[in-house]
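Colleague: Sending over input_38.cif (mmCIF, C-alpha atoms and all ligand atoms).
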data_data
#
loop_
_atom_site.label_atom_id
_atom_site.label_comp_id
_atom_site.auth_asym_id
_atom_site.auth_seq_id
_atom_site.Cartn_x
_atom_site.Cartn_y
_atom_site.Cartn_z
CA MET S 26 16.82 -17.99 -23.60
CA THR S 27 13.23 -16.92 -24.15
CA LEU S 28 13.32 -14.97 -20.89
CA PHE S 29 15.45 -12.29 -22.49
CA LYS S 30 13.33 -11.78 -25.59
CA PRO S 31 11.96 -8.23 -25.79
CA LEU S 32 8.48 -7.75 -24.41
CA THR S 33 5.72 -7.87 -26.95
CA GLN S 34 2.99 -5.28 -27.19
CA ALA S 35 0.57 -8.01 -26.11
CA GLU S 36 2.58 -8.65 -22.94
CA ARG S 37 2.67 -4.94 -22.12
CA ASN S 38 -1.06 -4.68 -22.69
CA ARG S 39 -1.60 -7.67 -20.49
CA LEU S 40 0.32 -6.03 -17.63
CA VAL S 41 -1.78 -2.90 -17.93
CA ASP S 42 -4.96 -5.02 -17.91
CA GLN S 43 -3.76 -6.95 -14.86
CA TRP S 44 -3.11 -3.76 -12.90
CA ALA S 45 -6.51 -2.42 -13.96
CA TRP S 46 -8.02 -5.63 -12.65
CA ALA S 47 -6.24 -5.30 -9.30
CA LEU S 48 -7.42 -1.68 -8.99
CA SER S 49 -10.99 -2.40 -10.13
CA THR S 50 -10.74 0.35 -12.73
CA LYS S 51 -11.71 0.88 -16.34
CA THR S 52 -8.85 3.37 -16.76
CA ARG S 53 -5.42 2.25 -18.01
CA PRO S 54 -2.84 2.36 -15.23
CA VAL S 55 0.62 3.63 -16.11
CA LEU S 56 3.46 1.12 -15.75
CA VAL S 57 6.48 2.45 -13.85
CA PRO S 58 9.80 0.70 -14.46
CA GLY S 59 10.98 0.69 -10.86
CA GLU S 60 10.17 0.04 -7.24
CA ALA S 61 6.99 1.61 -5.89
CA ILE S 62 9.00 4.25 -4.09
CA LEU S 63 10.01 5.65 -7.52
CA ALA S 64 6.36 5.77 -8.56
CA ILE S 65 5.49 7.62 -5.36
CA GLU S 66 8.21 10.20 -5.93
CA ALA S 67 7.04 10.57 -9.55
CA VAL S 68 3.50 11.25 -8.35
CA ALA S 69 4.71 13.87 -5.88
CA ALA S 70 6.81 15.57 -8.56
CA SER S 71 3.96 15.46 -11.09
CA VAL S 72 1.31 17.02 -8.83
CA ALA S 73 3.36 19.47 -6.76
CA GLY S 74 3.83 23.05 -7.84
CA ARG S 75 3.70 26.59 -6.54
CA GLY S 76 0.20 27.81 -5.77
CA ARG S 77 -1.13 24.33 -5.02
CA LYS S 78 -2.30 23.36 -1.58
CA PHE S 79 -2.23 19.82 -0.26
CA LEU S 80 -3.64 18.26 2.87
CA ASN S 81 -1.21 15.40 3.51
CA ILE S 82 -2.16 12.82 6.11
CA VAL S 83 0.82 11.44 8.01
CA THR S 84 0.23 8.22 9.94
CA GLY S 85 3.67 6.73 9.29
CA PRO S 86 7.03 7.30 7.58
CA TYR S 87 5.77 6.85 4.00
CA GLY S 88 3.26 9.65 4.56
CA GLN S 89 6.01 11.85 5.99
CA GLN S 90 8.25 11.19 3.00
CA PHE S 91 5.43 12.15 0.61
CA SER S 92 4.97 15.41 2.49
CA ASP S 93 8.67 16.23 2.09
CA TRP S 94 8.55 15.53 -1.66
CA LEU S 95 5.45 17.71 -2.13
CA ARG S 96 7.20 20.54 -0.29
CA SER S 97 10.37 20.26 -2.31
CA GLY S 98 8.14 20.54 -5.39
CA GLY S 99 7.12 24.00 -4.16
CA ALA S 100 3.63 23.12 -2.96
CA ASP S 101 1.92 24.49 0.12
CA VAL S 102 1.52 21.43 2.38
CA VAL S 103 -0.57 21.08 5.51
CA ASP S 104 0.30 17.92 7.43
CA LEU S 105 -2.43 16.16 9.35
CA SER S 106 -0.31 13.93 11.57
CA THR S 107 -1.11 11.29 14.14
CA PRO S 108 1.17 9.45 16.54
CA TYR S 109 2.32 6.35 14.64
CA ASP S 110 0.25 4.01 16.82
CA CYS S 111 -3.08 5.28 15.53
CA VAL S 112 -4.64 6.38 12.24
CA VAL S 113 -6.81 9.37 11.30
CA THR S 114 -10.57 9.51 11.63
CA ALA S 115 -12.72 10.67 8.73
CA ALA S 116 -14.15 13.40 10.97
CA THR S 117 -10.67 14.89 11.59
CA VAL S 118 -10.01 14.89 7.86
CA GLU S 119 -13.32 16.61 7.18
CA GLU S 120 -12.51 19.24 9.80
CA ALA S 121 -9.05 19.86 8.28
CA ILE S 122 -10.54 20.21 4.79
CA LYS S 123 -13.01 22.83 6.08
CA GLN S 124 -10.19 24.74 7.72
CA HIS S 125 -7.58 24.62 4.94
CA HIS S 126 -9.47 24.22 1.63
CA PRO S 127 -6.81 22.07 -0.08
CA ASP S 128 -6.75 21.31 -3.81
CA ALA S 129 -5.86 17.71 -3.03
CA VAL S 130 -5.76 15.26 -0.13
CA ALA S 131 -2.95 12.69 -0.02
CA PHE S 132 -2.52 9.71 2.25
CA VAL S 133 -1.12 6.22 2.66
CA GLN S 134 -3.94 3.67 2.79
CA ALA S 135 -1.97 1.17 4.89
CA GLU S 136 1.43 1.79 6.48
CA ALA S 137 3.38 -1.47 6.61
CA VAL S 138 5.80 0.03 9.11
CA THR S 139 3.13 0.82 11.72
CA GLY S 140 0.55 -1.82 10.79
CA GLY S 141 -2.19 0.83 10.61
CA SER S 142 -4.84 1.21 7.90
CA ASN S 143 -6.59 4.53 7.38
CA PRO S 144 -10.40 4.68 6.89
CA THR S 145 -9.91 5.06 3.15
CA GLU S 146 -13.44 4.70 1.82
CA ALA S 147 -14.79 7.25 4.32
CA ILE S 148 -12.02 9.77 3.58
CA LEU S 149 -12.62 9.40 -0.15
CA ALA S 150 -16.36 9.93 0.25
CA ILE S 151 -15.69 13.26 1.98
CA CYS S 152 -13.21 14.35 -0.69
CA GLN S 153 -15.60 13.40 -3.47
CA GLN S 154 -18.37 15.49 -1.92
CA GLN S 155 -16.04 18.48 -1.84
CA HIS S 156 -14.56 17.82 -5.33
CA ILE S 157 -11.07 17.46 -3.96
CA ILE S 158 -8.40 15.48 -5.82
CA THR S 159 -7.33 12.32 -3.97
CA ILE S 160 -3.85 10.78 -4.04
CA ILE S 161 -3.18 7.44 -2.38
CA ASP S 162 -0.21 5.18 -1.71
CA ALA S 163 -1.89 1.76 -1.77
CA VAL S 164 1.28 -0.33 -2.07
CA SER S 165 0.61 -2.08 1.23
CA ALA S 166 -3.14 -2.19 0.72
CA ILE S 167 -3.52 -3.70 -2.73
CA GLY S 168 -4.50 -7.36 -2.38
CA ALA S 169 -4.80 -7.16 1.42
CA GLU S 170 -7.83 -4.88 1.51
CA PRO S 171 -10.14 -3.45 -1.14
CA VAL S 172 -8.76 -0.66 -3.37
CA LEU S 173 -11.72 0.22 -5.58
CA MET S 174 -10.32 3.00 -7.72
CA ASP S 175 -13.39 3.82 -9.84
CA SER S 176 -16.22 3.23 -7.39
CA TRP S 177 -14.45 4.98 -4.49
CA GLY S 178 -13.38 7.87 -6.73
CA ILE S 179 -9.61 7.66 -6.31
CA ASP S 180 -7.80 10.09 -8.64
CA ILE S 181 -4.20 8.94 -8.32
CA VAL S 182 -3.09 5.66 -6.71
CA VAL S 183 0.31 3.98 -6.52
CA VAL S 184 0.56 0.19 -6.27
CA GLY S 185 3.25 -2.48 -6.33
CA ALA S 186 3.05 -6.27 -6.41
CA GLN S 187 5.69 -7.04 -3.78
CA LYS S 188 3.41 -7.10 -0.75
CA ALA S 189 0.05 -8.90 -0.76
CA LEU S 190 0.18 -9.88 -4.44
CA ALA S 191 3.36 -11.93 -3.87
CA GLY S 192 4.97 -10.52 -6.99
CA PRO S 193 8.26 -8.88 -7.95
CA ASN S 194 9.04 -5.32 -6.87
CA GLY S 195 10.60 -4.07 -10.10
CA ILE S 196 7.56 -2.77 -11.96
CA SER S 197 5.00 -0.60 -10.20
CA ALA S 198 1.85 1.07 -11.43
CA VAL S 199 -0.04 4.32 -11.01
CA GLY S 200 -3.78 4.43 -11.57
CA VAL S 201 -4.88 7.89 -12.72
CA SER S 202 -8.48 9.06 -13.28
CA SER S 203 -9.29 11.61 -15.97
CA ARG S 204 -9.52 14.26 -13.23
CA GLY S 205 -6.14 13.06 -12.01
CA TRP S 206 -4.59 13.50 -15.47
CA ASN S 207 -6.08 16.94 -15.70
CA PHE S 208 -4.54 17.81 -12.32
CA ILE S 209 -1.13 16.71 -13.62
CA GLU S 210 -1.42 18.25 -17.08
CA THR S 211 -2.40 21.63 -15.64
CA ASN S 212 0.67 21.65 -13.42
CA ARG S 213 3.25 23.71 -15.30
CA GLU S 214 5.93 22.33 -13.02
CA ALA S 215 5.18 18.66 -13.74
CA PRO S 216 8.40 17.05 -14.99
CA ARG S 217 8.80 16.02 -18.63
CA HIS S 218 11.66 14.11 -20.18
CA SER S 219 12.48 12.82 -16.73
CA ALA S 220 12.42 9.51 -14.87
CA LEU S 221 9.85 11.17 -12.59
CA SER S 222 7.50 12.16 -15.42
CA LEU S 223 4.11 10.46 -15.31
CA LEU S 224 3.24 12.34 -18.50
CA ASP S 225 6.12 10.64 -20.34
CA LEU S 226 5.05 7.26 -18.98
CA LYS S 227 1.46 7.91 -20.03
CA ASN S 228 2.55 8.55 -23.57
CA ALA S 229 4.59 5.36 -23.54
CA SER S 230 1.55 3.43 -22.29
CA ASP S 231 -0.78 5.01 -24.82
CA TYR S 232 1.52 3.73 -27.56
CA ILE S 233 1.82 7.16 -29.07
CA ALA S 234 5.46 6.19 -29.18
CA PRO S 235 6.33 2.70 -30.41
CA ALA S 236 6.31 0.38 -27.41
CA ALA S 237 9.06 1.93 -25.36
CA ALA S 238 11.62 -0.66 -24.31
CA ASN S 239 11.69 0.81 -20.84
CA LEU S 240 10.29 -2.07 -18.78
CA PRO S 241 12.75 -4.48 -17.18
CA ILE S 242 12.01 -7.65 -19.12
CA LEU S 243 12.62 -10.20 -16.38
CA GLU S 244 10.57 -8.22 -13.89
CA ALA S 245 7.79 -7.98 -16.45
CA ARG S 246 7.74 -11.73 -17.04
CA ALA S 247 7.79 -12.40 -13.28
CA LEU S 248 4.93 -9.95 -12.80
CA LEU S 249 2.86 -11.54 -15.56
CA SER S 250 3.22 -14.90 -13.88
CA ALA S 251 2.54 -13.55 -10.37
CA PHE S 252 -0.67 -12.01 -11.71
CA GLU S 253 -1.68 -15.30 -13.30
CA LYS S 254 -1.57 -16.88 -9.84
CA CYS S 255 -3.57 -13.98 -8.41
CA GLU S 256 -6.20 -14.27 -11.12
CA ALA S 257 -6.52 -18.00 -10.47
CA GLU S 258 -7.06 -17.40 -6.74
CA GLY S 259 -9.29 -14.35 -7.20
CA LEU S 260 -8.91 -10.92 -5.64
CA ALA S 261 -11.60 -11.50 -3.01
CA ALA S 262 -9.95 -14.76 -1.93
CA ILE S 263 -6.58 -13.02 -1.62
CA THR S 264 -7.96 -10.22 0.56
CA ASP S 265 -9.88 -12.82 2.61
CA ARG S 266 -6.70 -14.77 3.23
CA HIS S 267 -4.93 -11.62 4.43
CA GLN S 268 -7.84 -10.67 6.72
CA ARG S 269 -7.75 -14.15 8.22
CA ALA S 270 -4.00 -14.08 8.70
CA ALA S 271 -4.27 -10.73 10.47
CA ALA S 272 -7.25 -11.75 12.62
CA SER S 273 -5.51 -14.96 13.66
CA ALA S 274 -2.26 -13.13 14.40
CA ARG S 275 -4.09 -10.63 16.63
CA ALA S 276 -5.88 -13.45 18.46
CA GLY S 277 -2.59 -15.26 19.06
CA VAL S 278 -0.78 -12.12 20.19
CA ARG S 279 -3.45 -11.47 22.81
CA GLN S 280 -3.19 -15.04 24.10
CA LEU S 281 0.54 -14.55 24.56
CA GLY S 282 -0.29 -11.67 26.87
CA LEU S 283 1.17 -9.14 24.40
CA LYS S 284 -0.32 -5.86 23.24
CA LEU S 285 -0.98 -4.71 19.72
CA TRP S 286 0.96 -1.61 18.66
CA GLN S 287 -2.11 0.02 17.14
CA CYS S 288 -4.24 1.53 19.92
CA ASP S 289 -7.49 0.61 18.21
CA ALA S 290 -7.74 -2.94 16.84
CA ARG S 291 -10.11 -1.64 14.14
CA SER S 292 -7.17 0.29 12.62
CA CYS S 293 -5.04 -2.84 12.23
CA SER S 294 -3.90 -3.53 8.69
CA PRO S 295 -4.60 -6.96 7.17
CA LEU S 296 -1.06 -6.93 5.75
CA VAL S 297 1.12 -6.61 8.84
CA THR S 298 0.42 -6.99 12.55
CA THR S 299 2.54 -4.85 14.84
CA VAL S 300 3.20 -5.87 18.44
CA ARG S 301 4.05 -3.39 21.16
CA LEU S 302 7.28 -4.19 22.94
CA ALA S 303 6.93 -4.07 26.68
CA ALA S 304 10.18 -5.66 27.67
CA GLU S 305 13.68 -4.97 26.51
CA GLN S 306 14.46 -8.67 26.02
CA MET S 307 11.93 -8.94 23.21
CA THR S 308 14.05 -6.80 20.90
CA ILE S 309 15.52 -8.61 17.90
CA THR S 310 18.08 -7.20 15.51
CA GLN S 311 17.45 -9.56 12.57
CA PRO S 312 14.26 -11.01 11.08
CA VAL S 313 13.20 -14.40 12.44
CA GLY S 314 10.89 -15.82 9.78
CA MET S 315 8.11 -13.29 9.28
CA VAL S 316 8.86 -11.56 12.59
CA THR S 317 10.97 -8.48 11.98
CA PRO S 318 12.25 -5.61 14.14
CA GLY S 319 10.63 -2.19 13.98
CA ASP S 320 11.90 0.06 11.19
CA GLY S 321 13.81 3.26 11.87
CA ALA S 322 12.49 5.16 14.86
CA LEU S 323 10.20 2.24 15.70
CA TYR S 324 13.12 -0.09 16.36
CA GLY S 325 12.84 -1.39 19.90
CA GLN S 326 9.25 -0.16 20.17
CA LEU S 327 7.46 -2.80 18.14
CA LEU S 328 7.83 -6.07 16.24
CA ARG S 329 6.28 -6.63 12.82
CA LEU S 330 4.53 -9.83 11.78
CA ASN S 331 4.71 -9.74 7.99
CA HIS S 332 1.89 -12.13 7.18
CA PHE S 333 1.53 -11.10 3.55
CA GLY S 334 1.83 -12.70 0.15
CA GLU S 335 2.61 -16.37 0.53
CA ALA S 336 3.02 -15.85 4.29
CA ALA S 337 -0.69 -15.06 4.62
CA CYS S 338 -1.49 -18.60 5.73
CA GLU S 339 -2.21 -20.47 8.96
CA GLN S 340 1.10 -22.31 9.11
CA ARG S 341 3.23 -19.17 8.82
CA VAL S 342 1.17 -17.34 11.44
CA GLU S 343 1.64 -20.31 13.80
CA GLU S 344 5.39 -20.20 13.20
CA ALA S 345 5.36 -16.51 14.10
CA MET S 346 3.53 -17.31 17.35
CA ARG S 347 6.27 -19.77 18.27
CA VAL S 348 8.89 -17.07 17.71
CA LEU S 349 6.95 -14.54 19.80
CA ALA S 350 6.34 -17.07 22.56
CA VAL S 351 10.07 -17.68 22.91
CA LEU S 352 10.80 -13.94 22.95
CA ALA S 353 8.05 -13.30 25.52
CA ALA S 354 8.91 -16.44 27.53
CA ALA S 355 5.23 -17.37 27.40
CA PRO S 356 3.57 -20.73 26.74
CA VAL S 357 2.52 -21.00 23.09
CA GLU S 358 -0.35 -23.52 23.18
CA ALA S 359 -3.22 -21.12 23.86
CA ALA S 360 -1.95 -18.78 21.15
CA LEU S 361 -1.78 -21.57 18.60
CA GLU S 362 -5.28 -22.63 19.57
CA ALA S 363 -6.52 -19.06 19.09
CA VAL S 364 -4.88 -18.90 15.65
CA ARG S 365 -6.43 -22.20 14.55
CA LYS S 366 -9.85 -21.17 15.75
CA VAL S 367 -9.87 -18.18 13.42
CA TRP S 368 -8.90 -20.25 10.38
CA VAL S 369 -11.42 -23.00 11.17
CA LYS S 370 -14.20 -20.52 11.73
CA GLU S 371 -13.43 -18.68 8.51
CA ASN S 372 -13.24 -21.93 6.56
CA GLU S 373 -16.77 -22.77 7.63
CA ASP S 374 -18.20 -19.50 6.28
C1 LIG K 401 6.35 -1.21 0.87
C2 LIG K 401 5.75 0.13 0.69
C3 LIG K 401 6.13 0.95 -0.35
C4 LIG K 401 7.13 0.57 -1.38
O1 LIG K 401 8.40 0.61 -0.97
P1 LIG K 401 9.49 -0.16 -1.85
O2 LIG K 401 10.73 0.31 -1.23
O3 LIG K 401 9.29 0.24 -3.25
O4 LIG K 401 9.18 -1.62 -1.62
C5 LIG K 401 5.51 2.16 -0.46
N1 LIG K 401 4.56 2.57 0.38
C6 LIG K 401 4.16 1.81 1.39
C7 LIG K 401 3.08 2.28 2.30
C8 LIG K 401 4.74 0.56 1.59
O5 LIG K 401 4.34 -0.20 2.60
#
Could you quickly redo this structure as structure tokens?
Modeller:
Amino acid sequence: MTLFKPLTQAERNRLVDQWAWALSTKTRPVLVPGEAILAIEAVAASVAGRGRKFLNIVTGPYGQQFSDWLRSGGADVVDLSTPYDCVVTAATVEEAIKQHHPDAVAFVQAEAVTGGSNPTEAILAICQQQHIITIIDAVSAIGAEPVLMDSWGIDIVVVGAQKALAGPNGISAVGVSSRGWNFIETNREAPRHSALSLLDLKNASDYIAPAAANLPILEARALLSAFEKCEAEGLAAITDRHQRAAASARAGVRQLGLKLWQCDARSCSPLVTTVRLAAEQMTITQPVGMVTPGDGALYGQLLRLNHFGEAACEQRVEEAMRVLAVLAAAPVEAALEAVRKVWVKENED
């Protein structure tokens, strides 16, 4: 079975190149043999230490989790939190930076659980001006919206292929700028000889050691082939498709007489649309197609429409409208019409 043959150096290199392509970077992202959540914890462990101050933006549960990990690493953490139905503004971030003078600003670009996307480019511009290190969880952003590591000046960014890139979830990546590496290397408390050590993974990627056999082989092969599909479609086409899916979902939701969970439609993520639950009877306990119940504390408060990856298409959004229409006991025709209109209009562009 060729599937089980060890990975070649060329295959490993190819994976690094593919992640660099997705992140629009000339740096070499580090491959993490695990789900993105492991990569995020590794980043927290690698940057956190006593005497370091972080401004951590919390617009959803992933941001909150990152804050907890930074704190357990001994760092001084200031949380800039919003209610989970809105995102931060760049002006609030700028104000908080002036007040707290952090060494680094951390945030989640798009929270899949809340369906909110933070104003990433604007936040990064402020941080760059003030020479502050930036750390981003872009797992739910990559492929659905731009993540321009080099031109936006992102120092550390975590990505996975399991959302918009329609890939496997077993190998993640961390993009690290040279400033980012310096921030990690100068942290005396950064783990080494540990599953959470980005420094160890960097050495493995730099081939200082002989190609470490630490990547799950089947996941690697699946990722290589998922990326081949992405490259054939093109990154801009993939983000376009997600923007269309989200715009059409929002249009349909409004026609059904339902409200978006996010207070400001401009904060809506292209990956997931969240719908505010008005009536008890709309609660579901199990996913119905791409419609899923709210996670954790958001259960019963919202429904998620997971129009990402292969589900970022007109047909799947229409199916979701049929599910919502039944739950809301509303006629579906106008919603379907609104969905179609968005796809037709976009196709004509
Ligand atoms: C999905 C997601 C992750 C990754 O979680 P996994 O459990 O590894 O799939 C991380 N951050 C955000 C914002 C996500 O949406």
Colleague: Residues within 10 Å of S:Leu173, please, as a PDB file with C-alpha atoms, in the frame of the given file. Count all atoms listed in the file; anything in the same chain fewer than 3 positions from it doesn't count.
Modeller:
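This went into out.pdb:
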ATOM      1  CA  TRP S  46      -8.020  -5.630 -12.650  1.00  0.00           C
ATOM      2  CA  ALA S  47      -6.240  -5.300  -9.300  1.00  0.00           C
ATOM      3  CA  LEU S  48      -7.420  -1.680  -8.990  1.00  0.00           C
ATOM      4  CA  SER S  49     -10.990  -2.400 -10.130  1.00  0.00           C
ATOM      5  CA  THR S  50     -10.740   0.350 -12.730  1.00  0.00           C
ATOM      6  CA  GLU S 146     -13.440   4.700   1.820  1.00  0.00           C
ATOM      7  CA  ILE S 167      -3.520  -3.700  -2.730  1.00  0.00           C
ATOM      8  CA  GLU S 170      -7.830  -4.880   1.510  1.00  0.00           C
ATOM      9  CA  SER S 176     -16.220   3.230  -7.390  1.00  0.00           C
ATOM     10  CA  TRP S 177     -14.450   4.980  -4.490  1.00  0.00           C
ATOM     11  CA  GLY S 178     -13.380   7.870  -6.730  1.00  0.00           C
ATOM     12  CA  ILE S 179      -9.610   7.660  -6.310  1.00  0.00           C
TER      13      ILE S 179
END
Colleague: Select the residues contacting ligand LIG 401 (chain K) at a distance of at most 8 Å, based on all atoms listed in the file, then format the selection as a list of chain:residue names.
Modeller: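 Result of the 8 Å neighbour search around ligand LIG 401 (chain K): S:Gly59, S:Glu60, S:Ala61, S:Ile62, S:Leu63, S:Ile65, S:Tyr87, S:Gly88, S:Val133, S:Gln134, S:Ala135, S:Glu136, S:Ala137, S:Val138, S:Asp162, S:Ala163, S:Val164, S:Ser165, S:Ala166, S:Val184, S:Gly185, S:Gln187, S:Lys188, S:Asn194.
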Colleague: Report, in Å with one decimal, the straight-line distance from atom CA of S:Ala337 to atom CA of S:Glu256.
Modeller: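 Interatomic distance here is 16.7 Å.
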Colleague: Could you name the residues that touch stretch 343-353 of chain S at 7 Å or less, counting all atoms listed in the file, but leaving out those on the same chain fewer than 4 positions away, as a PyMOL selection string?
Modeller: chain S and resi 277+281+307+315-316+339+357+360-361+364
Colleague: Ranking S:Leu243, S:Ala186, S:Val112, S:Val300 by minimum distance to S:Phe29 and counting only C-alpha atoms, which one comes first?
Modeller: S:Leu243
Colleague: Between atom CA of S:Pro241 and atom CA of S:Cys255, measure the distance and give it in Å to one decimal.
Modeller: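 Here the two named atoms are 20.8 Å from each other.
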Colleague: Which residues, written as a ChimeraX atom specification, have at least one atom at most 12 Å from S:Ser222, with only C-alpha atoms counted and residues fewer than 3 positions away on the same chain left out?
Modeller: /S:55-58,63-72,199,209-210,212,214-219,225-229
Colleague: Work out how far atom CA of S:Ile82 is from atom CA of S:Pro318, in Å to one decimal.
Modeller: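 Between atom CA of S:Pro318 and atom CA of S:Ile82 the gap is 24.7 Å.
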